[in-house]
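File shown: work_25.csv (CSV, C-alpha atoms and all ligand atoms).
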```csv
chain,number,residue,atom,x,y,z
A,177,MET,CA,-12.1,-38.9,-26.1
A,178,ALA,CA,-8.8,-37.2,-26.9
A,179,PRO,CA,-6.6,-36.3,-24.0
A,180,THR,CA,-6.6,-32.7,-25.1
A,181,LEU,CA,-10.3,-32.6,-24.5
A,182,LEU,CA,-10.0,-34.4,-21.2
A,183,TYR,CA,-7.4,-32.1,-19.8
A,184,PRO,CA,-9.4,-28.9,-19.1
A,185,TYR,CA,-12.1,-31.0,-17.4
A,186,HIS,CA,-9.5,-32.8,-15.4
A,187,ALA,CA,-7.7,-29.6,-14.4
A,188,LYS,CA,-11.0,-28.0,-13.3
A,189,TYR,CA,-11.9,-31.1,-11.3
A,190,MET,CA,-8.5,-31.2,-9.6
A,191,PHE,CA,-8.7,-27.5,-8.9
A,192,ARG,CA,-12.1,-27.8,-7.2
A,193,ARG,CA,-10.8,-30.8,-5.2
A,194,LEU,CA,-7.8,-28.7,-4.1
A,195,GLN,CA,-10.1,-25.9,-3.1
A,196,ARG,CA,-12.2,-28.2,-1.0
A,197,ALA,CA,-9.1,-29.7,0.6
A,198,ALA,CA,-7.5,-26.3,1.0
A,199,GLN,CA,-8.3,-25.8,4.7
A,200,THR,CA,-8.6,-29.4,5.8
A,201,GLU,CA,-6.4,-32.0,7.3
A,202,GLU,CA,-6.6,-33.7,3.9
A,203,TYR,CA,-4.1,-31.1,2.6
A,204,PRO,CA,-2.0,-29.9,5.5
A,205,LEU,CA,0.3,-27.0,5.0
A,206,LYS,CA,2.5,-25.4,7.6
A,207,ILE,CA,5.1,-22.6,7.9
A,208,THR,CA,8.6,-24.0,8.4
A,209,ARG,CA,10.8,-21.0,7.9
A,210,ILE,CA,10.6,-17.2,8.2
A,211,ASP,CA,13.3,-14.8,7.0
A,212,ALA,CA,13.1,-11.2,8.2
A,213,LEU,CA,15.2,-8.9,6.1
A,214,HIS,CA,16.2,-5.2,6.4
A,215,VAL,CA,16.9,-3.7,3.0
A,216,THR,CA,17.9,-0.3,1.8
A,217,ILE,CA,17.5,0.5,-1.9
A,218,PRO,CA,18.8,3.8,-3.3
A,219,MET,CA,16.1,6.1,-4.9
A,220,THR,CA,16.6,7.6,-8.3
A,221,SER,CA,16.2,11.1,-6.9
A,222,PRO,CA,15.7,12.6,-3.4
A,223,PHE,CA,12.0,12.6,-2.3
A,224,ARG,CA,11.1,15.8,-0.4
A,225,LYS,CA,8.1,16.5,1.9
A,226,ALA,CA,7.6,18.5,5.0
A,227,GLY,CA,10.1,17.5,7.6
A,228,ARG,CA,12.1,15.0,5.6
A,229,VAL,CA,14.3,14.3,2.6
A,230,GLN,CA,14.5,10.7,1.6
A,231,ASN,CA,17.3,9.2,-0.4
A,232,ASP,CA,16.8,5.5,0.1
A,233,ALA,CA,14.0,3.0,0.5
A,234,ASP,CA,14.4,1.7,4.1
A,235,ASN,CA,12.2,-1.3,4.1
A,236,ALA,CA,11.7,-4.6,5.8
A,237,LEU,CA,10.9,-7.8,3.9
A,238,VAL,CA,9.6,-11.1,5.1
A,239,ARG,CA,10.0,-14.4,3.2
A,240,ILE,CA,7.8,-17.2,4.5
A,241,GLU,CA,8.3,-20.8,3.4
A,242,THR,CA,6.1,-23.8,3.9
A,243,ASP,CA,6.7,-27.5,4.2
A,244,ASP,CA,5.6,-28.1,0.6
A,245,GLY,CA,8.0,-25.5,-0.8
A,246,LEU,CA,5.6,-22.6,-1.3
A,247,VAL,CA,7.2,-19.2,-0.6
A,248,GLY,CA,5.4,-15.9,0.1
A,249,TRP,CA,6.8,-12.4,0.3
A,250,GLY,CA,5.7,-9.3,2.1
A,251,GLU,CA,7.1,-5.8,2.5
A,252,ALA,CA,6.7,-2.8,4.8
A,253,ALA,CA,8.3,0.6,4.4
A,254,ALA,CA,9.8,2.8,7.0
A,255,ALA,CA,7.7,5.8,8.0
A,256,PRO,CA,9.4,7.6,10.8
A,257,LEU,CA,7.0,10.5,10.8
A,258,LEU,CA,3.9,8.4,10.4
A,259,THR,CA,4.2,5.1,12.2
A,260,GLY,CA,7.5,5.8,13.9
A,261,ASP,CA,9.0,2.8,12.2
A,262,THR,CA,12.4,2.3,10.5
A,263,GLY,CA,13.2,-0.7,8.3
A,264,ALA,CA,15.4,-2.1,11.0
A,265,ARG,CA,12.7,-1.7,13.6
A,266,ILE,CA,10.0,-3.4,11.5
A,267,MET,CA,12.5,-6.2,10.8
A,268,ALA,CA,13.0,-6.7,14.6
A,269,SER,CA,9.2,-6.8,15.1
A,270,ILE,CA,8.9,-9.5,12.4
A,271,GLU,CA,11.7,-11.5,14.2
A,272,PHE,CA,9.7,-11.2,17.4
A,273,LEU,CA,6.4,-12.3,15.8
A,274,ALA,CA,8.0,-15.2,13.8
A,275,GLU,CA,7.7,-17.6,16.7
A,276,ILE,CA,3.9,-17.3,16.5
A,277,LEU,CA,3.9,-18.3,12.9
A,278,ILE,CA,6.2,-21.3,12.9
A,279,GLY,CA,4.3,-24.5,12.4
A,280,GLU,CA,1.0,-22.7,11.7
A,281,ASP,CA,-1.2,-23.1,8.6
A,282,PRO,CA,-0.4,-20.0,6.5
A,283,ARG,CA,-4.0,-20.1,5.1
A,284,SER,CA,-5.5,-19.3,8.5
A,285,ILE,CA,-4.9,-15.6,7.7
A,286,ALA,CA,-7.7,-14.0,9.8
A,287,SER,CA,-6.8,-16.0,12.8
A,288,LEU,CA,-3.0,-15.4,12.4
A,289,HIS,CA,-3.7,-11.6,11.8
A,290,ALA,CA,-5.6,-11.4,15.1
A,291,ARG,CA,-2.9,-13.3,17.0
A,292,LEU,CA,-0.1,-11.2,15.6
A,293,SER,CA,-2.0,-8.0,16.2
A,294,ASP,CA,-2.6,-9.0,19.9
A,295,ALA,CA,1.0,-10.1,20.5
A,296,MET,CA,2.6,-6.6,20.2
A,297,ALA,CA,1.3,-3.1,20.5
A,298,GLN,CA,1.8,-0.7,17.5
A,299,ASN,CA,3.2,-3.4,15.3
A,300,GLU,CA,1.0,-2.8,12.2
A,301,SER,CA,4.0,-2.5,9.8
A,302,ALA,CA,5.4,-5.9,10.8
A,303,VAL,CA,1.9,-7.5,10.6
A,304,CYS,CA,1.5,-5.8,7.3
A,305,ALA,CA,4.5,-7.5,5.8
A,306,ILE,CA,3.6,-10.9,7.3
A,307,ASP,CA,-0.1,-10.6,6.2
A,308,MET,CA,1.0,-9.9,2.6
A,309,ALA,CA,3.2,-12.9,2.6
A,310,LEU,CA,0.3,-15.1,3.9
A,311,TYR,CA,-1.9,-13.9,1.0
A,312,ASP,CA,0.9,-14.6,-1.4
A,313,ILE,CA,1.1,-18.2,-0.1
A,314,ALA,CA,-2.7,-18.7,0.1
A,315,GLY,CA,-3.1,-17.4,-3.5
A,316,LYS,CA,-0.3,-19.6,-4.8
A,317,HIS,CA,-1.7,-22.6,-3.0
A,318,LEU,CA,-5.2,-22.1,-4.6
A,319,GLY,CA,-3.8,-20.8,-7.9
A,320,VAL,CA,-5.7,-17.4,-7.7
A,321,PRO,CA,-4.5,-13.8,-7.4
A,322,ALA,CA,-4.8,-12.3,-3.9
A,323,TYR,CA,-7.7,-10.1,-4.9
A,324,ALA,CA,-9.8,-13.2,-5.5
A,325,LEU,CA,-9.4,-14.0,-1.8
A,326,ILE,CA,-10.5,-10.5,-0.5
A,327,GLY,CA,-13.8,-10.0,-2.3
A,328,GLY,CA,-13.0,-10.6,-6.0
A,329,ARG,CA,-12.8,-8.1,-8.8
A,330,SER,CA,-14.6,-4.7,-8.5
A,331,ARG,CA,-12.6,-3.2,-11.4
A,332,THR,CA,-9.9,-4.2,-13.9
A,333,ALA,CA,-8.3,-0.9,-15.0
A,334,LEU,CA,-7.0,0.9,-11.9
A,335,PRO,CA,-6.5,4.7,-11.9
A,336,PRO,CA,-2.8,5.5,-11.6
A,337,SER,CA,-1.6,8.4,-9.5
A,338,LEU,CA,1.7,10.2,-9.4
A,339,GLY,CA,3.2,12.1,-6.5
A,340,VAL,CA,4.8,15.4,-7.6
A,341,ASN,CA,6.4,18.4,-5.8
A,342,ALA,CA,4.8,21.8,-5.7
A,343,ASP,CA,7.5,23.0,-8.0
A,344,PRO,CA,7.1,24.6,-11.5
A,345,ALA,CA,9.7,22.1,-12.7
A,346,ASP,CA,7.2,19.3,-12.1
A,347,ALA,CA,4.5,20.8,-14.4
A,348,ALA,CA,6.2,19.4,-17.5
A,349,LYS,CA,6.8,16.1,-15.7
A,350,ALA,CA,3.1,15.9,-14.8
A,351,ALA,CA,2.1,16.6,-18.4
A,352,GLU,CA,4.4,13.9,-19.6
A,353,TRP,CA,3.0,11.3,-17.2
A,354,LYS,CA,-0.5,12.3,-18.0
A,355,ALA,CA,0.2,11.5,-21.7
A,356,ARG,CA,1.5,8.1,-20.5
A,357,GLY,CA,-1.8,7.3,-18.7
A,358,VAL,CA,-1.5,8.8,-15.2
A,359,GLN,CA,-5.0,9.9,-14.2
A,360,ALA,CA,-4.5,11.5,-10.8
A,361,PHE,CA,-1.7,13.7,-9.3
A,362,LYS,CA,-0.9,14.5,-5.6
A,363,ALA,CA,1.5,17.3,-4.9
A,364,LYS,CA,3.5,17.7,-1.7
A,365,VAL,CA,3.0,21.2,-0.3
A,366,SER,CA,4.1,23.2,2.8
A,367,VAL,CA,7.8,22.5,1.9
A,368,ALA,CA,8.6,25.8,0.3
A,369,ASP,CA,7.3,29.4,0.3
A,370,PRO,CA,3.5,29.4,0.0
A,371,ALA,CA,3.4,31.9,-2.9
A,372,TYR,CA,5.9,29.8,-4.8
A,373,GLU,CA,3.9,26.6,-4.1
A,374,LYS,CA,0.6,28.2,-5.1
A,375,ASP,CA,2.1,29.4,-8.4
A,376,ALA,CA,3.5,25.9,-9.0
A,377,LEU,CA,0.1,24.3,-8.3
A,378,ARG,CA,-1.5,26.6,-10.9
A,379,GLN,CA,1.2,25.6,-13.4
A,380,ILE,CA,0.7,21.9,-12.7
A,381,ARG,CA,-3.1,22.4,-13.0
A,382,ASP,CA,-2.6,24.1,-16.4
A,383,ALA,CA,-0.3,21.3,-17.5
A,384,ILE,CA,-2.7,18.4,-16.7
A,385,GLY,CA,-5.9,20.2,-17.7
A,386,PRO,CA,-8.9,21.3,-15.6
A,387,ASP,CA,-10.6,17.9,-15.1
A,388,THR,CA,-7.6,15.6,-14.2
A,389,GLU,CA,-7.8,14.6,-10.5
A,390,PHE,CA,-5.3,16.7,-8.5
A,391,ALA,CA,-4.9,16.6,-4.7
A,392,ILE,CA,-2.3,18.1,-2.3
A,393,ASP,CA,-0.7,16.8,0.8
A,394,ALA,CA,0.7,19.2,3.5
A,395,ASN,CA,1.9,16.4,5.9
A,396,GLY,CA,0.5,18.3,8.9
A,397,ALA,CA,2.9,21.2,8.5
A,398,TRP,CA,0.5,24.1,8.6
A,399,LYS,CA,-1.2,25.9,11.5
A,400,PRO,CA,-5.0,26.1,11.0
A,401,ALA,CA,-4.9,29.7,9.8
A,402,GLU,CA,-2.1,29.0,7.4
A,403,ALA,CA,-4.0,26.0,6.0
A,404,LEU,CA,-7.2,28.0,5.4
A,405,ALA,CA,-5.3,31.0,3.8
A,406,PHE,CA,-3.5,28.6,1.4
A,407,LEU,CA,-6.7,26.6,0.6
A,408,ASP,CA,-8.7,29.8,0.0
A,409,ASP,CA,-6.1,30.9,-2.5
A,410,VAL,CA,-6.1,27.6,-4.4
A,411,ALA,CA,-9.9,27.0,-4.3
A,412,GLU,CA,-10.3,27.7,-8.0
A,413,LEU,CA,-7.9,24.9,-8.9
A,414,ASN,CA,-10.6,22.2,-8.5
A,415,LEU,CA,-8.5,20.2,-6.0
A,416,ALA,CA,-9.9,16.8,-5.1
A,417,PHE,CA,-8.7,17.1,-1.5
A,418,CYS,CA,-6.1,18.4,0.8
A,419,GLU,CA,-4.4,15.7,2.9
A,420,GLN,CA,-3.4,16.3,6.5
A,421,PRO,CA,-3.4,20.2,6.5
A,422,ILE,CA,-2.5,20.5,10.2
A,423,ALA,CA,-0.6,18.4,12.7
A,424,PRO,CA,-2.3,15.3,14.0
A,425,GLY,CA,-3.5,15.0,17.6
A,426,ASN,CA,-6.2,17.7,17.9
A,427,LEU,CA,-9.5,16.8,16.2
A,428,SER,CA,-11.3,19.9,17.2
A,429,ARG,CA,-8.7,22.0,15.4
A,430,LEU,CA,-9.1,19.6,12.4
A,431,ARG,CA,-12.8,20.1,12.6
A,432,SER,CA,-12.4,23.9,12.5
A,433,VAL,CA,-10.3,23.6,9.2
A,434,ALA,CA,-12.6,20.9,7.7
A,435,GLU,CA,-15.7,23.1,8.3
A,436,ARG,CA,-14.2,26.2,6.7
A,437,SER,CA,-12.1,24.8,4.0
A,438,PRO,CA,-13.2,25.2,0.3
A,439,VAL,CA,-11.2,22.0,-0.4
A,440,PRO,CA,-12.3,18.7,1.0
A,441,ILE,CA,-10.0,17.6,3.9
A,442,TYR,CA,-8.5,14.1,4.0
A,443,THR,CA,-6.3,12.8,6.9
A,444,ASP,CA,-3.2,10.6,6.9
A,445,GLU,CA,-0.8,11.2,9.8
A,446,SER,CA,-3.7,11.6,12.3
A,447,PHE,CA,-5.4,8.4,11.1
A,448,ASN,CA,-3.3,5.5,12.5
A,449,GLU,CA,-5.7,2.7,13.1
A,450,PRO,CA,-9.2,1.6,11.9
A,451,ALA,CA,-10.8,2.8,15.2
A,452,ASP,CA,-9.7,6.4,14.4
A,453,LEU,CA,-12.2,6.4,11.5
A,454,ILE,CA,-15.2,7.0,13.8
A,455,ALA,CA,-13.7,10.2,15.4
A,456,HIS,CA,-12.5,11.4,12.0
A,457,ALA,CA,-16.0,11.1,10.5
A,458,GLU,CA,-17.3,13.1,13.5
A,459,ALA,CA,-14.7,15.8,12.9
A,460,GLY,CA,-16.1,16.3,9.4
A,461,VAL,CA,-13.2,15.1,7.3
A,462,ALA,CA,-14.2,13.8,3.8
A,463,GLY,CA,-11.9,10.9,3.7
A,464,VAL,CA,-8.6,9.2,4.6
A,465,SER,CA,-5.4,8.2,3.1
A,466,MET,CA,-5.2,4.5,3.9
A,467,LYS,CA,-2.0,2.5,3.9
A,468,THR,CA,-1.2,-1.1,4.4
A,469,ILE,CA,1.6,-0.3,6.8
A,470,LYS,CA,-0.9,1.6,9.1
A,471,MET,CA,-3.7,-0.9,8.9
A,472,GLY,CA,-1.8,-4.1,9.3
A,473,GLY,CA,-1.6,-5.4,5.8
A,474,ILE,CA,-4.3,-6.5,3.4
A,475,THR,CA,-6.6,-8.0,6.1
A,476,GLY,CA,-6.5,-4.8,8.2
A,477,PHE,CA,-6.9,-2.5,5.1
A,478,MET,CA,-10.0,-4.3,3.9
A,479,SER,CA,-11.7,-4.3,7.3
A,480,ALA,CA,-10.9,-0.5,7.7
A,481,ALA,CA,-12.1,0.2,4.2
A,482,TYR,CA,-15.5,-1.4,4.9
A,483,LEU,CA,-15.8,0.6,8.1
A,484,ALA,CA,-14.9,3.8,6.2
A,485,ARG,CA,-17.7,3.0,3.7
A,486,LEU,CA,-20.2,2.7,6.5
A,487,LEU,CA,-19.1,6.1,7.8
A,488,ARG,CA,-19.3,7.6,4.3
A,489,LEU,CA,-15.6,8.4,4.3
A,490,GLY,CA,-13.6,8.4,1.1
A,491,VAL,CA,-10.6,6.0,1.0
A,492,ASN,CA,-7.5,6.9,-1.0
A,493,VAL,CA,-5.4,3.8,-1.5
A,494,ALA,CA,-2.0,5.2,-0.6
A,495,GLY,CA,1.5,3.8,-0.5
A,496,LYS,CA,4.8,4.9,0.9
A,497,SER,CA,7.2,6.9,-1.1
A,498,ALA,CA,9.6,4.0,-1.8
A,499,THR,CA,8.1,0.5,-1.9
A,500,SER,CA,9.1,-2.3,-4.3
A,501,SER,CA,6.7,-4.2,-6.5
A,502,ILE,CA,6.0,-6.6,-3.6
A,503,GLY,CA,4.2,-3.9,-1.6
A,504,GLY,CA,3.0,-2.3,-4.8
A,505,SER,CA,1.2,-5.5,-5.9
A,506,ALA,CA,-0.6,-5.6,-2.5
A,507,MET,CA,-2.0,-2.1,-3.2
A,508,LEU,CA,-3.1,-3.2,-6.7
A,509,GLN,CA,-4.8,-6.3,-5.3
A,510,ILE,CA,-6.7,-4.2,-2.7
A,511,SER,CA,-7.6,-1.6,-5.4
A,512,THR,CA,-9.0,-4.3,-7.6
A,513,ALA,CA,-11.2,-5.7,-4.9
A,514,LEU,CA,-12.4,-2.5,-3.1
A,515,PRO,CA,-16.0,-1.7,-4.1
A,516,GLU,CA,-15.3,2.1,-3.8
A,517,MET,CA,-12.2,4.2,-3.6
A,518,SER,CA,-11.2,7.8,-4.2
A,519,GLY,CA,-8.2,9.2,-6.0
A,520,GLY,CA,-5.6,7.3,-7.8
A,521,ILE,CA,-3.1,4.6,-6.8
A,522,GLY,CA,0.4,6.0,-6.3
A,523,LEU,CA,3.0,3.2,-6.9
A,524,SER,CA,6.5,4.1,-6.0
A,525,ASN,CA,8.6,1.1,-7.3
A,526,HIS,CA,9.7,3.2,-10.3
A,527,LYS,CA,11.4,5.6,-7.8
A,528,LEU,CA,13.8,2.8,-6.8
A,529,THR,CA,17.1,2.4,-8.7
A,530,GLU,CA,16.2,-1.3,-8.9
A,531,ASP,CA,13.0,-3.2,-8.2
A,532,LEU,CA,13.1,-6.6,-6.4
A,533,VAL,CA,11.0,-8.6,-8.8
A,534,LYS,CA,11.5,-9.8,-12.4
A,535,ASP,CA,8.5,-8.1,-13.9
A,536,PRO,CA,7.7,-4.9,-12.0
A,537,VAL,CA,4.2,-3.6,-11.5
A,538,GLY,CA,3.2,-0.4,-13.1
A,539,LEU,CA,1.6,1.1,-16.2
A,540,ALA,CA,1.6,-1.1,-19.3
A,541,ASP,CA,0.3,0.6,-22.5
A,542,GLY,CA,-1.2,3.3,-20.3
A,543,VAL,CA,-3.2,0.9,-18.2
A,544,LEU,CA,-2.6,-0.2,-14.6
A,545,THR,CA,-3.9,-3.6,-13.5
A,546,ALA,CA,-3.1,-6.0,-10.7
A,547,PRO,CA,-0.8,-8.9,-11.6
A,548,GLU,CA,-2.9,-11.9,-12.6
A,549,GLY,CA,-0.4,-14.4,-11.3
A,550,ALA,CA,-1.2,-16.4,-8.2
A,551,GLY,CA,-0.9,-14.7,-4.8
A,552,LEU,CA,0.7,-11.3,-5.2
A,553,GLY,CA,1.7,-12.4,-8.7
A,554,VAL,CA,5.2,-11.1,-8.5
A,555,ASP,CA,8.4,-13.1,-9.0
A,556,VAL,CA,10.9,-11.9,-6.4
A,557,ASP,CA,14.5,-12.0,-7.7
A,558,GLU,CA,16.3,-13.2,-4.6
A,559,THR,CA,19.8,-12.4,-6.1
A,560,VAL,CA,18.7,-8.7,-6.4
A,561,VAL,CA,17.2,-8.7,-2.9
A,562,GLU,CA,20.5,-10.1,-1.6
A,563,ARG,CA,22.4,-7.0,-2.9
A,564,PHE,CA,20.4,-4.7,-0.7
A,565,VAL,CA,20.2,-6.7,2.5
A,566,GLN,CA,21.6,-4.9,5.5
A,567,ARG,CA,20.6,-7.7,7.9
A,568,ARG,CA,18.8,-11.0,7.8
A,569,SER,CA,17.5,-13.3,10.5
A,570,THR,CA,16.0,-16.7,10.0
A,571,VAL,CA,13.7,-18.6,12.2
A,572,THR,CA,13.1,-22.3,11.4
A,573,GLU,CA,11.1,-25.1,13.1
A,601,MG,MG,0.1,11.7,3.2
```

Let me see whether you can do it: turn the structure in this file into structure tokens.
Amino acid sequence: MAPTLLYPYHAKYMFRRLQRAAQTEEYPLKITRIDALHVTIPMTSPFRKAGRVQNDADNALVRIETDDGLVGWGEAAAAPLLTGDTGARIMASIEFLAEILIGEDPRSIASLHARLSDAMAQNESAVCAIDMALYDIAGKHLGVPAYALIGGRSRTALPPSLGVNADPADAAKAAEWKARGVQAFKAKVSVADPAYEKDALRQIRDAIGPDTEFAIDANGAWKPAEALAFLDDVAELNLAFCEQPIAPGNLSRLRSVAERSPVPIYTDESFNEPADLIAHAEAGVAGVSMKTIKMGGITGFMSAAYLARLLRLGVNVAGKSATSSIGGSAMLQISTALPEMSGGIGLSNHKLTEDLVKDPVGLADGVLTAPEGAGLGVDVDETVVERFVQRRSTVTE
């Protein structure tokens, strides 16, 4: 038989053998080096929302290396108003947790996730970056995309979403992005005068058409009466949901808004850990904005999403306003595997002046898919990363 015919069989056989050996002493694998990096990357234009104007991505990266040369990358974005984290703070937490990882098998993701989560309170962003890097390594080791390790494929084409401002100037931008394939829009509100914003939302709705998914996010800036007055006035705009209309911390007030609102209510800032889902379901919210930095990476996200499904809560796969293709790919891997999700996927790597990978994630010919390469499927350009590093620390065996 010709070698060309033998090869596919041989490759398949070797792959199966590798899979069987993957978690055994027959094929040991251990973490030998962890780099925690704080990076700041300028954004193409300032990002405005209630309480904050953001000019840079202020992120932490982790680079994990194994004894056989496999390298995995993870990322977590600063979210001072959400998690309380800055890039420097996440980096310091990764440094603290690195001692747990050294010498361990990077494929023992569930066990490492539990140990990391137990080692430090409120460290979800640091665990998020590390968890992503472990999936990157495990996928590369097995030759499969990360989504194959978290439930397989539920969909191929993912619905892209774009964040816009409640500003008439963004109506034309929204129409342009819709023509390029964006299927869902989310506008930040409660930043400017309500009448100005309501008018802007009408103009954006006109620009994207009556049936395109359109949601708003108030980032907790309204009082309950202000929220209800605003939502009553935009009820005819067929909004998919209003995210975090009032400040977090008082679920009975949230319930009063959720019960009266003509627009379904989602939460973000008041939803910080998977256990919060139960109280939120009882408060009558329709769904949550779920982020890897809040849930502790891919592992935490998937377990929270399954709990949300049991509670009949919608899950919007949300990212931070400035994340490179590393974190962006993790969102796409999750979105490919989730059996149900609501809203679109808002990548933000295009808002950075420079991405950190050679082939950025995003719309290609109007279609959004997860990278098919092994692990996170992104090829990190370390020379580009180097240019944005504020501080780096390395832990080795
Ligand atoms: Mg939000």

**Request:** Please write out the residues within 8 Å of ligand MG 601 (chain A) as a list in words, counting only C-alpha atoms and all ligand atoms.
**Result:**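 Taking only C-alpha atoms and all ligand atoms into account, the residues around ligand MG 601 (chain A) at most 8 Å away are Asp393, Ala394, Asn395, Glu419, Gln420, Thr443, Asp444, Glu445, Ser465 and Ala494 of chain A.
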
**Message:** With distances taken over only C-alpha atoms, which residue among A:Leu544, A:Ile392, A:Ile270, A:Leu338 lies nearest Asn414 of chain A?
**Reply:**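 Of A:Leu544, A:Ile392, A:Ile270, A:Leu338, the one nearest Asn414 of chain A is A:Ile392, counting only C-alpha atoms.
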
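Neighbouring residues of Tyr482 of chain A at 10 Å or closer, counting all atoms listed in the file and skipping chain neighbours under 3 positions away, are Pro450, Phe477, Met478, Ser479, Arg485, Leu486, Leu487, Arg488, Leu489, Val491, Leu514, Pro515 and Glu516 of chain A.
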
**Asked** Could you work out how far atom CA of Ile510 of chain A lies from atom CA of Ser293 of chain A, giving the answer in Å with one decimal?
**Response**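 These two atoms are separated by 19.8 Å.
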
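Here atom CA of Ser337 of chain A and atom CA of His289 of chain A stand 29.3 Å from one another.
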
**Message:** Given the point (6.9, 6.0, 15.2) in the coordinates of this file, which residues lie within 12 Å, counting all atoms listed in the file, and how would they look as an NGL selection string?
**Reply:** :A and (254-263 or 265-266 or 297-301 or 445 or 448 or 469-470)

Would you give me, as a tab-separated table, each residue of segment 368-466 of chain A having an atom within 6 Å of an atom of segment 341-356 of chain A, along with its shortest atom pair and that distance in Å to one decimal, using only C-alpha atoms and sorting by chain and residue number?
```
residue	atom	partner	partner_atom	distance
A:Glu373	CA	A:Ala342	CA	5.1
A:Ala376	CA	A:Pro344	CA	4.6
A:Leu377	CA	A:Ala342	CA	5.9
A:Gln379	CA	A:Ala347	CA	5.9
A:Ile380	CA	A:Ala347	CA	4.3
A:Ala383	CA	A:Ala351	CA	5.4
A:Ile384	CA	A:Ala351	CA	5.4
```

**Request:** Select, from A:Met308, A:Glu573, A:Val537, A:Ser432, the residue with the minimum atom-to-atom distance to Lys206 of chain A, counting all atoms listed in the file.
**Result:** A:Glu573

**Asked** Expressed in Å to a single decimal, how great is the separation between atom CA of Ile207 of chain A and atom CA of Ser287 of chain A?
**Response** 14.5 Å

**Request:** Would you mind telling me which residue in A:Pro321, A:Pro336, A:Gly551, A:Gly328 lies nearest to Gly519 of chain A when using all atoms listed in the file?
**Result:** A:Pro336

**Item:** Nearby residues (all atoms listed in the file) at most 9 Å from Ala403 of chain A, same-chain spacing under 3 positions excluded, as a PyMOL selection string
**Value:** chain A and resi 394+397-400+406-408+421-422+433+437

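Using all atoms listed in the file, the smallest distance between any of A:Gly327, A:Pro222, A:Gly250, A:Pro204 and Thr512 of chain A comes from A:Gly327.
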
Residues of segment 480-549 of chain A that approach segment 555-558 of chain A to 8 Å or less, counting all atoms listed in the file: could you list each one with the shortest pair of atoms and its distance in Å to one decimal, rows by chain and increasing residue number, as JSON lines?
```
{"residue": "A:Ile502", "atom": "CA", "partner": "A:Val556", "partner_atom": "CA", "distance": 7.7}
{"residue": "A:Leu532", "atom": "CA", "partner": "A:Asp557", "partner_atom": "CA", "distance": 5.7}
{"residue": "A:Val533", "atom": "CA", "partner": "A:Val556", "partner_atom": "CA", "distance": 4.1}
{"residue": "A:Lys534", "atom": "CA", "partner": "A:Asp555", "partner_atom": "CA", "distance": 5.7}
{"residue": "A:Asp535", "atom": "CA", "partner": "A:Asp555", "partner_atom": "CA", "distance": 7.0}
```

Which neighbours of Lys527 of chain A fall inside 9 Å, counting only C-alpha atoms, when residues of the same chain fewer than 5 positions from it are skipped, and could you give them as a short mmCIF file (atom, residue, chain, number, x, y, z; two decimals) with C-alpha atoms, in the coordinates of the input?
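New file selection-v7.cif:
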```cif
data_model
loop_
_atom_site.label_atom_id
_atom_site.label_comp_id
_atom_site.auth_asym_id
_atom_site.auth_seq_id
_atom_site.Cartn_x
_atom_site.Cartn_y
_atom_site.Cartn_z
CA PRO A 218 18.80 3.80 -3.30
CA MET A 219 16.10 6.10 -4.90
CA THR A 220 16.60 7.60 -8.30
CA SER A 221 16.20 11.10 -6.90
CA PHE A 223 12.00 12.60 -2.30
CA SER A 497 7.20 6.90 -1.10
CA ALA A 498 9.60 4.00 -1.80
CA THR A 499 8.10 0.50 -1.90
CA SER A 500 9.10 -2.30 -4.30
#
```
